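Dumped entry08.txt below, it's compact mmCIF, C-alpha atoms and all ligand atoms:
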```txt
# COMPACT_ATOMS: atom_id res chain seq x y z
CA MET A 1443 51.81 53.10 18.25
CA ALA A 1444 54.58 53.14 20.84
CA PRO A 1445 55.08 56.38 22.79
CA LYS A 1446 57.82 58.68 21.50
CA PHE A 1447 60.16 61.00 23.35
CA ILE A 1448 61.11 64.01 21.23
CA PRO A 1449 63.60 66.47 22.72
CA VAL A 1450 62.84 70.12 22.03
CA TRP A 1451 65.96 70.68 19.96
CA GLN A 1452 66.49 71.53 16.33
CA GLU A 1453 69.49 72.20 14.16
CA LEU A 1454 70.25 75.82 13.38
CA GLY A 1455 69.51 76.38 9.69
CA ALA A 1456 68.18 72.88 8.97
CA ASP A 1457 64.44 72.60 9.28
CA HIS A 1458 64.09 68.92 10.20
CA TRP A 1459 63.74 67.65 13.75
CA PRO A 1460 66.14 64.87 14.66
CA GLU A 1461 64.71 61.37 15.05
CA SER A 1462 63.67 60.25 18.51
CA PRO A 1463 67.11 59.72 20.11
CA ALA A 1464 68.23 56.98 22.46
CA LYS A 1465 69.87 59.37 24.90
CA ILE A 1466 70.05 63.04 25.87
CA MET A 1467 72.19 65.14 28.21
CA VAL A 1468 70.46 67.06 30.98
CA PRO A 1469 72.53 69.66 32.86
CA LEU A 1470 72.82 69.48 36.62
CA ALA A 1471 70.25 72.07 37.73
CA LYS A 1472 72.53 73.68 40.31
CA PRO A 1473 73.61 76.45 40.21
CA ARG A 1474 71.82 77.75 37.12
CA GLY A 1475 68.45 76.06 37.52
CA GLU A 1476 68.28 74.85 33.91
CA SER A 1477 66.00 72.11 32.62
CA ARG A 1478 65.58 70.35 29.29
CA LEU A 1479 62.23 70.05 27.50
CA VAL A 1480 61.01 66.83 25.91
CA LEU A 1481 57.75 66.08 24.12
CA LEU A 1482 56.03 62.80 24.96
CA GLU A 1483 53.82 61.78 22.03
CA GLU A 1484 51.50 58.84 21.25
CA SER A 1485 51.32 58.21 24.97
CA LYS A 1486 47.50 58.26 25.39
CA GLY A 1487 47.69 59.48 28.97
CA LEU A 1488 50.41 56.96 29.94
CA LYS A 1489 52.41 57.90 32.99
CA TRP A 1490 56.16 57.76 32.85
CA THR A 1491 58.64 56.46 35.39
CA THR A 1492 62.25 57.43 36.02
CA ALA A 1493 65.03 54.91 36.74
CA ASN A 1494 66.35 56.82 39.76
CA SER A 1495 66.33 60.22 41.44
CA ASN A 1496 69.10 61.67 39.25
CA VAL A 1497 66.37 63.33 37.19
CA GLU A 1498 63.02 64.85 38.03
CA VAL A 1499 60.29 65.01 35.38
CA ALA A 1500 57.24 67.30 35.44
CA VAL A 1501 54.50 68.16 32.94
CA VAL A 1502 54.60 71.76 31.71
CA ALA A 1503 51.08 73.23 31.89
CA LYS A 1504 49.74 74.46 28.54
CA ASP A 1505 49.71 78.12 29.60
CA GLU A 1506 53.31 77.83 30.82
CA THR A 1507 54.64 76.59 27.46
CA LEU A 1508 55.94 79.90 26.13
CA HIS A 1509 57.58 80.74 29.43
CA ALA A 1510 59.26 77.32 29.56
CA LEU A 1511 60.55 77.60 25.97
CA ASN A 1512 61.81 81.12 26.64
CA SER A 1513 63.74 80.28 29.79
CA TYR A 1514 65.25 77.18 28.14
CA LEU A 1515 66.62 79.32 25.29
CA VAL A 1516 67.67 82.30 27.40
CA ASN A 1517 69.95 80.09 29.48
CA LEU A 1518 71.93 79.06 26.38
CA SER A 1519 73.60 82.36 25.39
CA LEU A 1520 72.54 82.27 21.74
CA ALA A 1521 72.60 85.03 19.16
CA LYS A 1522 69.29 86.94 19.23
CA ALA A 1523 68.27 85.97 15.69
CA ASP A 1524 68.91 82.27 16.38
CA ARG A 1525 67.02 82.43 19.66
CA GLU A 1526 64.02 84.01 17.95
CA SER A 1527 63.94 81.57 15.05
CA LEU A 1528 64.28 78.58 17.39
CA LEU A 1529 61.53 79.95 19.64
CA GLY A 1530 59.19 80.27 16.67
CA ALA A 1531 59.94 76.75 15.43
CA PHE A 1532 59.57 75.24 18.91
CA GLN A 1533 56.28 77.04 19.58
CA ALA A 1534 54.81 75.73 16.34
CA ARG A 1535 56.02 72.16 16.95
CA VAL A 1536 54.96 72.05 20.61
CA THR A 1537 51.54 73.59 19.95
CA SER A 1538 50.79 71.03 17.24
CA SER A 1539 52.00 68.21 19.47
CA LEU A 1540 49.90 69.32 22.46
CA SER A 1541 46.77 69.60 20.32
CA ASN A 1542 47.33 65.98 19.25
CA GLY A 1543 47.47 64.65 22.80
CA GLY A 1544 51.22 65.10 23.37
CA GLN A 1545 52.65 66.31 26.65
CA LEU A 1546 55.53 68.71 27.20
CA LEU A 1547 57.84 67.43 29.93
CA SER A 1548 60.43 69.42 31.82
CA VAL A 1549 63.44 67.26 32.79
CA THR A 1550 65.63 68.56 35.60
CA GLY A 1551 68.99 67.09 36.59
CA ARG A 1552 69.24 66.55 40.35
CA SER A 1553 72.48 64.50 40.64
CA VAL A 1554 75.31 63.80 38.21
CA GLY A 1555 75.07 60.35 36.59
CA GLN A 1556 73.00 58.14 34.32
CA SER A 1557 69.23 57.76 34.41
CA SER A 1558 66.30 57.05 32.10
CA ILE A 1559 62.65 57.89 31.58
CA LYS A 1560 60.25 55.17 30.52
CA ALA A 1561 56.75 55.44 29.04
CA GLY A 1562 55.17 52.11 28.09
CA SER A 1563 57.91 50.21 26.28
CA THR A 1564 59.80 53.35 25.19
CA LEU A 1565 62.97 54.38 26.99
CA LEU A 1566 64.82 57.68 26.87
CA ASN A 1567 68.28 57.40 28.41
CA VAL A 1568 69.58 60.47 30.18
CA VAL A 1569 72.96 61.53 31.48
CA VAL A 1570 73.10 64.37 34.01
CA THR A 1571 76.35 66.33 33.81
CA LYS A 1572 78.09 69.37 35.22
CA ALA A 1573 79.08 72.08 32.75
CA ILE A 1574 82.60 71.81 31.31
CA ASP A 1575 84.26 75.04 30.11
CA TYR A 1576 87.24 75.26 27.77
CA ASP A 1577 89.24 78.32 26.74
CA ILE A 1578 89.65 78.55 22.97
CA THR A 1579 91.97 80.76 20.91
CA PHE A 1580 91.52 81.43 17.19
CA LYS A 1581 94.52 82.35 15.01
CA PHE A 1582 94.22 83.64 11.44
CA LEU A 1583 97.18 82.87 9.16
CA ARG A 1584 99.09 85.43 7.09
CA CYS A 1585 101.96 84.21 4.89
CA LEU A 1586 103.94 85.14 1.77
CA ASN A 1587 102.35 84.90 -1.66
CA ASP A 1588 104.23 84.02 -4.86
CA ASP A 1589 105.83 87.45 -5.25
CA GLY A 1590 106.91 87.58 -1.61
CA THR A 1591 104.34 89.96 -0.12
CA MET A 1592 102.54 89.17 3.13
CA ILE A 1593 98.86 88.34 2.54
CA ASP A 1594 95.88 86.98 4.47
CA ALA A 1595 95.74 83.23 3.79
CA THR A 1596 92.20 82.96 5.13
CA THR A 1597 89.05 84.85 4.18
CA HIS A 1598 87.78 84.48 7.77
CA LYS A 1599 88.12 87.40 10.20
CA PRO A 1600 88.58 87.63 13.98
CA SER A 1601 85.26 89.51 14.09
CA GLU A 1602 83.45 86.27 13.18
CA VAL A 1603 84.52 84.45 16.36
CA ASP A 1604 81.66 85.57 18.62
CA GLY A 1605 79.14 84.25 16.09
CA TRP A 1606 80.94 80.88 15.96
CA ILE A 1607 80.98 80.65 19.75
CA ASN A 1608 77.23 81.33 19.89
CA GLN A 1609 76.57 78.48 17.47
CA LEU A 1610 78.85 76.16 19.46
CA HIS A 1611 76.75 76.98 22.55
CA TRP A 1612 73.78 75.49 20.76
CA ILE A 1613 75.55 72.48 19.23
CA LEU A 1614 77.86 71.36 22.04
CA GLY A 1615 76.56 73.41 25.01
CA SER A 1616 72.89 72.48 24.84
CA GLN A 1617 73.53 68.86 23.77
CA ALA A 1618 76.65 67.94 25.75
CA ASN A 1619 77.08 70.68 28.40
CA ILE A 1620 80.46 71.57 26.86
CA TRP A 1621 81.09 75.31 26.54
CA PHE A 1622 83.81 77.30 24.82
CA VAL A 1623 85.01 80.69 25.98
CA SER A 1624 87.03 82.67 23.44
CA THR A 1625 90.07 84.06 25.20
CA ASP A 1626 91.92 85.40 22.16
CA ARG A 1627 91.54 85.86 18.42
CA ARG A 1628 94.29 87.36 16.28
CA THR A 1629 96.25 87.12 13.04
CA PHE A 1630 99.70 85.50 12.99
CA ASP A 1631 102.45 85.75 10.39
CA ILE A 1632 104.56 82.97 8.90
CA PRO A 1633 107.09 84.75 6.63
CA LYS A 1634 107.27 81.80 4.20
CA GLN A 1635 105.63 80.57 0.99
CA LEU A 1636 103.70 77.54 2.27
CA GLY A 1637 102.05 76.20 -0.90
CA PHE A 1638 98.28 75.77 -0.94
CA PRO A 1639 96.26 73.78 -0.18
CA LEU A 1640 98.11 73.10 3.06
CA LYS A 1641 98.42 69.43 4.04
CA LYS A 1642 98.95 67.67 7.37
CA ALA A 1643 102.63 67.36 6.49
CA THR A 1644 102.90 71.16 6.19
CA ILE A 1645 101.42 71.68 9.65
CA ASN A 1646 103.73 69.02 11.12
CA SER A 1647 106.88 70.38 9.48
CA VAL A 1648 106.51 74.17 9.65
CA LYS A 1649 107.57 74.85 13.23
CA GLU A 1650 105.64 78.13 13.51
CA PHE A 1651 102.42 76.13 13.88
CA ALA A 1652 103.74 74.49 17.05
CA ASP A 1653 105.31 77.75 18.26
CA GLU A 1654 102.13 79.80 17.77
CA MET A 1655 99.94 77.58 19.94
CA ASP A 1656 98.41 79.47 22.84
CA HIS A 1657 99.53 77.52 25.92
CA SER A 1658 97.22 79.52 28.18
CA ALA A 1659 94.18 78.23 26.26
CA ASP A 1660 92.91 74.65 26.17
CA VAL A 1661 92.82 74.58 22.38
CA THR A 1662 94.13 76.75 19.54
CA VAL A 1663 92.19 76.80 16.23
CA TYR A 1664 94.11 77.83 13.10
CA LEU A 1665 92.28 79.35 10.15
CA VAL A 1666 94.69 78.79 7.27
CA GLY A 1667 92.73 79.24 4.04
CA ARG A 1668 92.76 76.17 1.84
CA TYR A 1669 93.54 72.98 3.77
CA ILE A 1670 93.10 69.25 3.03
CA GLY A 1671 93.59 66.71 5.84
CA ASP A 1672 93.02 62.95 5.58
CA SER A 1673 89.97 63.14 3.29
CA SER A 1674 88.66 65.83 5.63
CA SER A 1675 88.48 69.61 5.85
CA GLY A 1676 89.81 69.79 9.38
CA THR A 1677 92.33 68.00 11.59
CA THR A 1678 92.92 67.89 15.33
CA PHE A 1679 96.63 67.70 16.21
CA PRO A 1680 97.05 66.38 19.77
CA ASN A 1681 100.85 66.22 19.72
CA LEU A 1682 102.13 69.15 17.67
CA SER A 1683 103.81 70.94 20.55
CA SER A 1684 106.04 69.29 23.11
CA GLN A 1685 103.85 70.74 25.86
CA GLY A 1686 100.91 68.47 25.09
CA ASP A 1687 98.59 71.22 23.88
CA ILE A 1688 96.01 70.48 21.22
CA CYS A 1689 95.43 72.50 18.06
CA ILE A 1690 92.91 72.29 15.24
CA VAL A 1691 93.48 73.28 11.61
CA LEU A 1692 90.46 74.14 9.46
CA ASP A 1693 89.86 74.78 5.79
CA ASP A 1694 88.01 78.04 5.06
CA LYS A 1695 84.94 76.42 3.53
CA CYS A 1696 85.06 72.75 4.60
CA LYS A 1697 83.25 71.69 1.43
CA GLU A 1698 84.83 68.21 1.43
CA ILE A 1699 82.21 66.74 3.75
CA PRO A 1700 78.59 65.89 2.93
CA VAL A 1701 76.22 67.62 5.38
CA VAL A 1702 72.46 67.71 5.95
CA LYS A 1703 70.80 70.43 3.83
CA GLY A 1704 70.87 73.77 5.64
CA ASP A 1705 73.83 72.99 7.88
CA ASP A 1706 76.91 75.22 7.62
CA PRO A 1707 79.82 72.84 6.83
CA PHE A 1708 82.38 75.21 8.41
CA ILE A 1709 80.63 75.42 11.80
CA LEU A 1710 79.84 71.70 11.64
CA THR A 1711 83.52 70.86 11.01
CA LEU A 1712 84.60 73.18 13.83
CA ALA A 1713 82.18 71.36 16.18
CA HIS A 1714 83.38 67.97 14.85
CA GLU A 1715 87.07 68.77 15.51
CA LEU A 1716 86.23 70.18 18.94
CA VAL A 1717 84.60 66.85 19.89
CA HIS A 1718 87.89 65.17 18.87
CA PHE A 1719 89.69 67.69 21.10
CA VAL A 1720 87.41 67.00 24.09
CA LEU A 1721 87.70 63.21 23.65
CA ASP A 1722 91.50 63.48 23.34
CA ARG A 1723 91.59 65.57 26.51
CA ARG A 1724 89.42 63.01 28.29
CA GLY A 1725 91.80 60.15 27.56
CA GLN A 1726 90.12 58.74 24.43
CA MET A 1727 92.98 59.67 22.10
CA GLY A 1728 93.64 56.19 20.70
CA LYS A 1729 89.97 55.37 20.15
CA GLU A 1730 88.00 55.70 16.92
CA HIS A 1731 85.67 58.69 17.37
CA HIS A 1732 83.96 58.54 13.97
CA LEU A 1733 80.63 56.81 13.42
CA PHE A 1734 80.61 54.60 10.34
CA ASP A 1735 77.08 53.16 10.66
CA LEU A 1736 75.09 56.18 11.82
CA ASP A 1737 73.76 58.79 9.41
CA LYS A 1738 72.86 62.47 9.93
CA VAL A 1739 74.66 62.91 13.25
CA LEU A 1740 77.87 64.69 14.26
CA LEU A 1741 81.00 62.58 13.51
CA SER A 1742 79.10 60.39 11.03
CA LYS A 1743 81.18 59.19 8.09
CA LYS A 1744 78.03 59.23 5.90
CA THR A 1745 76.11 62.52 5.92
CA GLU A 1746 76.93 64.72 8.86
CA SER A 1747 74.66 66.97 10.93
CA THR A 1748 75.03 68.83 14.23
CA VAL A 1749 72.90 66.29 16.14
CA LEU A 1750 74.92 64.56 18.87
CA SER A 1751 74.41 60.79 18.90
CA ALA A 1752 73.94 58.59 21.96
CA SER A 1753 77.23 56.83 21.20
CA THR A 1754 79.16 60.11 21.23
CA LEU A 1755 77.46 61.08 24.51
CA ASP A 1756 78.55 57.69 25.90
CA MET A 1757 82.16 58.37 24.83
CA LEU A 1758 82.05 61.81 26.46
CA TYR A 1759 80.33 60.53 29.60
CA PRO A 1760 81.06 56.78 29.90
CA PRO A 1761 78.16 55.03 31.68
CA THR A 1762 80.47 53.08 33.99
CA LYS A 1763 82.24 56.18 35.25
CA ASN A 1764 79.61 58.27 36.98
ZN ZN B 1 87.06 63.56 12.49
```
Could you rewrite the structure in this file as structure tokens?
Amino acid sequence: MAPKFIPVWQELGADHWPESPAKIMVPLAKPRGESRLVLLEESKGLKWTTANSNVEVAVVAKDETLHALNSYLVNLSLAKADRESLLGAFQARVTSSLSNGGQLLSVTGRSVGQSSIKAGSTLLNVVVTKAIDYDITFKFLRCLNDDGTMIDATTHKPSEVDGWINQLHWILGSQANIWFVSTDRRTFDIPKQLGFPLKKATINSVKEFADEMDHSADVTVYLVGRYIGDSSSGTTFPNLSSQGDICIVLDDKCKEIPVVKGDDPFILTLAHELVHFVLDRRGQMGKEHHLFDLDKVLLSKKTESTVLSASTLDMLYPPTKN
């Protein structure tokens, strides 16, 4: 059997480990000193080599495993319950791997750019990146109902935002080194009867959506209740305001899209639209971001999961532009 690289990463809520990927992101170790952990299995004592000095790879000693898993998770600002459930799952998986001859490797990013780790004929591509932070504002719609009274259009509440941000840390922070800081979360009123479900045309024509965008943030996310985009539950609008700001509109439940069992379709759709936002911001606005051939990854047009694919990492961090 060929050796396998298996990153120590698992979806929140879904109990399967992603397939051995073609590429992972490793954060630049300075200034936070982070590393990523990868299992090397079926390697029968094979040594590995790295393509260049952008990454440094070391074996984690058996009695250092728990410490290594703990410091990996602590650096990611997760909710306590998620951190504990991931730690338990990782410990079980790593222990079983080590007792079957696997090795736990710690991969540290030394310089920004592309690299790879090779064991036998198996290659794991790596991109070392600096952290990117974006400010994000969440706005919760209130509008007039049929008899003219002002009501909450969405069942979501500003108090949920911190939990969403924590899950985004895991999905986009740990996999792509992209972090969101919530600068504001508040309700906003449109004193009109909008007609539900809202459509793209509503967002484009009701000027309050452009007016309400938070220009001090990088992206404004609107929670609007029932919303249907182009056969999707969310839409990224790169050109709604004349100032070039980007906003995202999300349905409350996002049940339109097929997701891997255990994944939360709302959080997944939020992460999906935020990747559109990041790619738009990084000059990829005209390009197709969706993946039509890949299954069980973020942005897949088949079944979606929160696993970031190598092709999305390549769009975020193009190999030719180190
Ligand atoms: Zn999309």
- Note on the structure: Expressed in Å, the length from atom CA of A:Gly1725 to atom CA of A:Val1666 is 27.7 Å
- A:Ser1558, A:Ser1674, A:Ser1548, A:Ser1541 ranked by distance to ligand ZN 1 (chain B), top pick (using only C-alpha atoms and all ligand atoms):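 With only C-alpha atoms and all ligand atoms as the atom set, the closest residue is A:Ser1674.
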Would you mind listing, for every residue of chain A within 8 Å of ligand ZN 1 (chain B), the two atoms forming the shortest contact and the distance between them in Å to one decimal, using only C-alpha atoms and all ligand atoms, sorted by chain and ascending residue number, as CSV?
```
residue,atom,partner,partner_atom,distance
A:Ser1674,CA,B:ZN1,ZN,7.4
A:Gly1676,CA,B:ZN1,ZN,7.5
A:Thr1677,CA,B:ZN1,ZN,6.9
A:Thr1678,CA,B:ZN1,ZN,7.8
A:His1714,CA,B:ZN1,ZN,6.2
A:Glu1715,CA,B:ZN1,ZN,6.0
A:His1718,CA,B:ZN1,ZN,6.6
A:His1731,CA,B:ZN1,ZN,7.0
A:His1732,CA,B:ZN1,ZN,6.1
A:Leu1741,CA,B:ZN1,ZN,6.2
```
Expected file contents, prior selection, C-alpha atoms, as a PDB file, in the frame of the given file:
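Listing of part_33.pdb after writing:
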```pdb
ATOM      1  CA  SER A1674      88.660  65.830   5.630  1.00  0.00           C
ATOM      2  CA  GLY A1676      89.810  69.790   9.380  1.00  0.00           C
ATOM      3  CA  THR A1677      92.330  68.000  11.590  1.00  0.00           C
ATOM      4  CA  THR A1678      92.920  67.890  15.330  1.00  0.00           C
ATOM      5  CA  HIS A1714      83.380  67.970  14.850  1.00  0.00           C
ATOM      6  CA  GLU A1715      87.070  68.770  15.510  1.00  0.00           C
ATOM      7  CA  HIS A1718      87.890  65.170  18.870  1.00  0.00           C
ATOM      8  CA  HIS A1731      85.670  58.690  17.370  1.00  0.00           C
ATOM      9  CA  HIS A1732      83.960  58.540  13.970  1.00  0.00           C
ATOM     10  CA  LEU A1741      81.000  62.580  13.510  1.00  0.00           C
TER      11      LEU A1741
END
```
- Message: Give me, as a ChimeraX atom specification, all polymer residues having an atom no more than 8 Å from stretch 1503-1513 of chain A, counting only C-alpha atoms and skipping those fewer than 5 positions away in the same chain.
- Response: /A:1479,1529,1532-1533,1540,1546
Dump of C-alpha atoms for the selected residues, as a short mmCIF file (atom, residue, chain, number, x, y, z; two decimals), in the coordinates of the input:
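New file part_32.cif:
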```
data_model
loop_
_atom_site.label_atom_id
_atom_site.label_comp_id
_atom_site.auth_asym_id
_atom_site.auth_seq_id
_atom_site.Cartn_x
_atom_site.Cartn_y
_atom_site.Cartn_z
CA LEU A 1479 62.23 70.05 27.50
CA LEU A 1529 61.53 79.95 19.64
CA PHE A 1532 59.57 75.24 18.91
CA GLN A 1533 56.28 77.04 19.58
CA LEU A 1540 49.90 69.32 22.46
CA LEU A 1546 55.53 68.71 27.20
#
```
- Students should find that atom CA of A:Arg1478 and atom CA of A:Val1549 are spaced 5.1 Å
- Message: Show me, as a PyMOL selection string, the residues that have an atom within 12 Å of stretch 1587-1600 of chain A when counting only C-alpha atoms, minus same-chain residues fewer than 3 positions from it.
- Response: chain A and resi 1579-1584+1603-1607+1624-1640+1663-1669+1691-1695+1708
- Message: Please list as a PyMOL selection string every residue within 7 Å of A:Asp1737, counting all atoms listed in the file and excluding residues in the same chain fewer than 6 positions away.
- Response: chain A and resi 1744-1746
Shell around A:Val1570 at 8 Å using only C-alpha atoms, local window under 2 positions removed, as a PDB file with C-alpha atoms, in the coordinates of the input:
```pdb
ATOM      1  CA  MET A1467      72.190  65.140  28.210  1.00  0.00           C
ATOM      2  CA  VAL A1468      70.460  67.060  30.980  1.00  0.00           C
ATOM      3  CA  PRO A1469      72.530  69.660  32.860  1.00  0.00           C
ATOM      4  CA  LEU A1470      72.820  69.480  36.620  1.00  0.00           C
ATOM      5  CA  ASN A1496      69.100  61.670  39.250  1.00  0.00           C
ATOM      6  CA  VAL A1497      66.370  63.330  37.190  1.00  0.00           C
ATOM      7  CA  GLY A1551      68.990  67.090  36.590  1.00  0.00           C
ATOM      8  CA  ARG A1552      69.240  66.550  40.350  1.00  0.00           C
ATOM      9  CA  SER A1553      72.480  64.500  40.640  1.00  0.00           C
ATOM     10  CA  VAL A1554      75.310  63.800  38.210  1.00  0.00           C
ATOM     11  CA  GLY A1555      75.070  60.350  36.590  1.00  0.00           C
ATOM     12  CA  GLN A1556      73.000  58.140  34.320  1.00  0.00           C
ATOM     13  CA  SER A1557      69.230  57.760  34.410  1.00  0.00           C
ATOM     14  CA  VAL A1568      69.580  60.470  30.180  1.00  0.00           C
ATOM     15  CA  LYS A1572      78.090  69.370  35.220  1.00  0.00           C
TER      16      LYS A1572
END
```
- Task: For atom CA of A:Leu1488 and atom CA of A:Ile1559, determine how far apart the two atoms are, in Å to one decimal place.
- Result: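 Distance reported for this atom pair: 12.4 Å.
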Give me, as JSON lines, each residue of stretch 1490-1594 of chain A that comes within 9 Å of stretch 1608-1611 of chain A, together with its shortest interatomic pair and the distance in Å at one decimal, counting all atoms listed in the file, with rows ordered by chain and rising residue number.
```
{"residue": "A:Leu1518", "atom": "CA", "partner": "A:His1611", "partner_atom": "CA", "distance": 6.5}
{"residue": "A:Ser1519", "atom": "CA", "partner": "A:Asn1608", "partner_atom": "CA", "distance": 6.7}
{"residue": "A:Leu1520", "atom": "CA", "partner": "A:Asn1608", "partner_atom": "CA", "distance": 5.1}
{"residue": "A:Ala1521", "atom": "CA", "partner": "A:Asn1608", "partner_atom": "CA", "distance": 6.0}
{"residue": "A:Asp1524", "atom": "CA", "partner": "A:Gln1609", "partner_atom": "CA", "distance": 8.6}
```
- May I ask which of the residues A:Glu1483, A:Ile1574, A:Leu1454, A:Ser1538 is the closest one to A:Glu1526, counting all atoms listed in the file?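 Using all atoms listed in the file, A:Glu1526 sits closest to A:Leu1454.
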- Item | Selected residue of minimal separation from A:Lys1486 among A:Lys1446, A:Arg1535, A:Lys1465, A:Lys1472, counting only C-alpha atoms |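 Counting only C-alpha atoms, the residue closest to A:Lys1486 is A:Lys1446.
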- Item | Spatial neighbours of A:Asp1653, 12 Å, only C-alpha atoms, chain gap at least 2 places, as a list in words |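 After dropping sequence-adjacent residues, the list is Phe1630, Asp1631, Ile1632, Ile1645, Asn1646, Ser1647, Val1648, Lys1649, Glu1650, Phe1651, Met1655, Asp1656, His1657, Thr1662, Leu1682, Ser1683, Ser1684, Gln1685, Asp1687 and Cys1689 of chain A.
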- Out of A:Leu1614, A:Leu1712, A:Leu1528, A:Ile1670, which residue has the shortest atom-to-atom distance to A:Lys1641 when counting all atoms listed in the file? A:Ile1670
- Task: Tell me which of A:Gly1686, A:Gly1543, A:Gly1475, A:Gly1671 sits closest to A:Asp1722, counting only C-alpha atoms.
- Result: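 Using only C-alpha atoms, the shortest distance to A:Asp1722 belongs to A:Gly1686.
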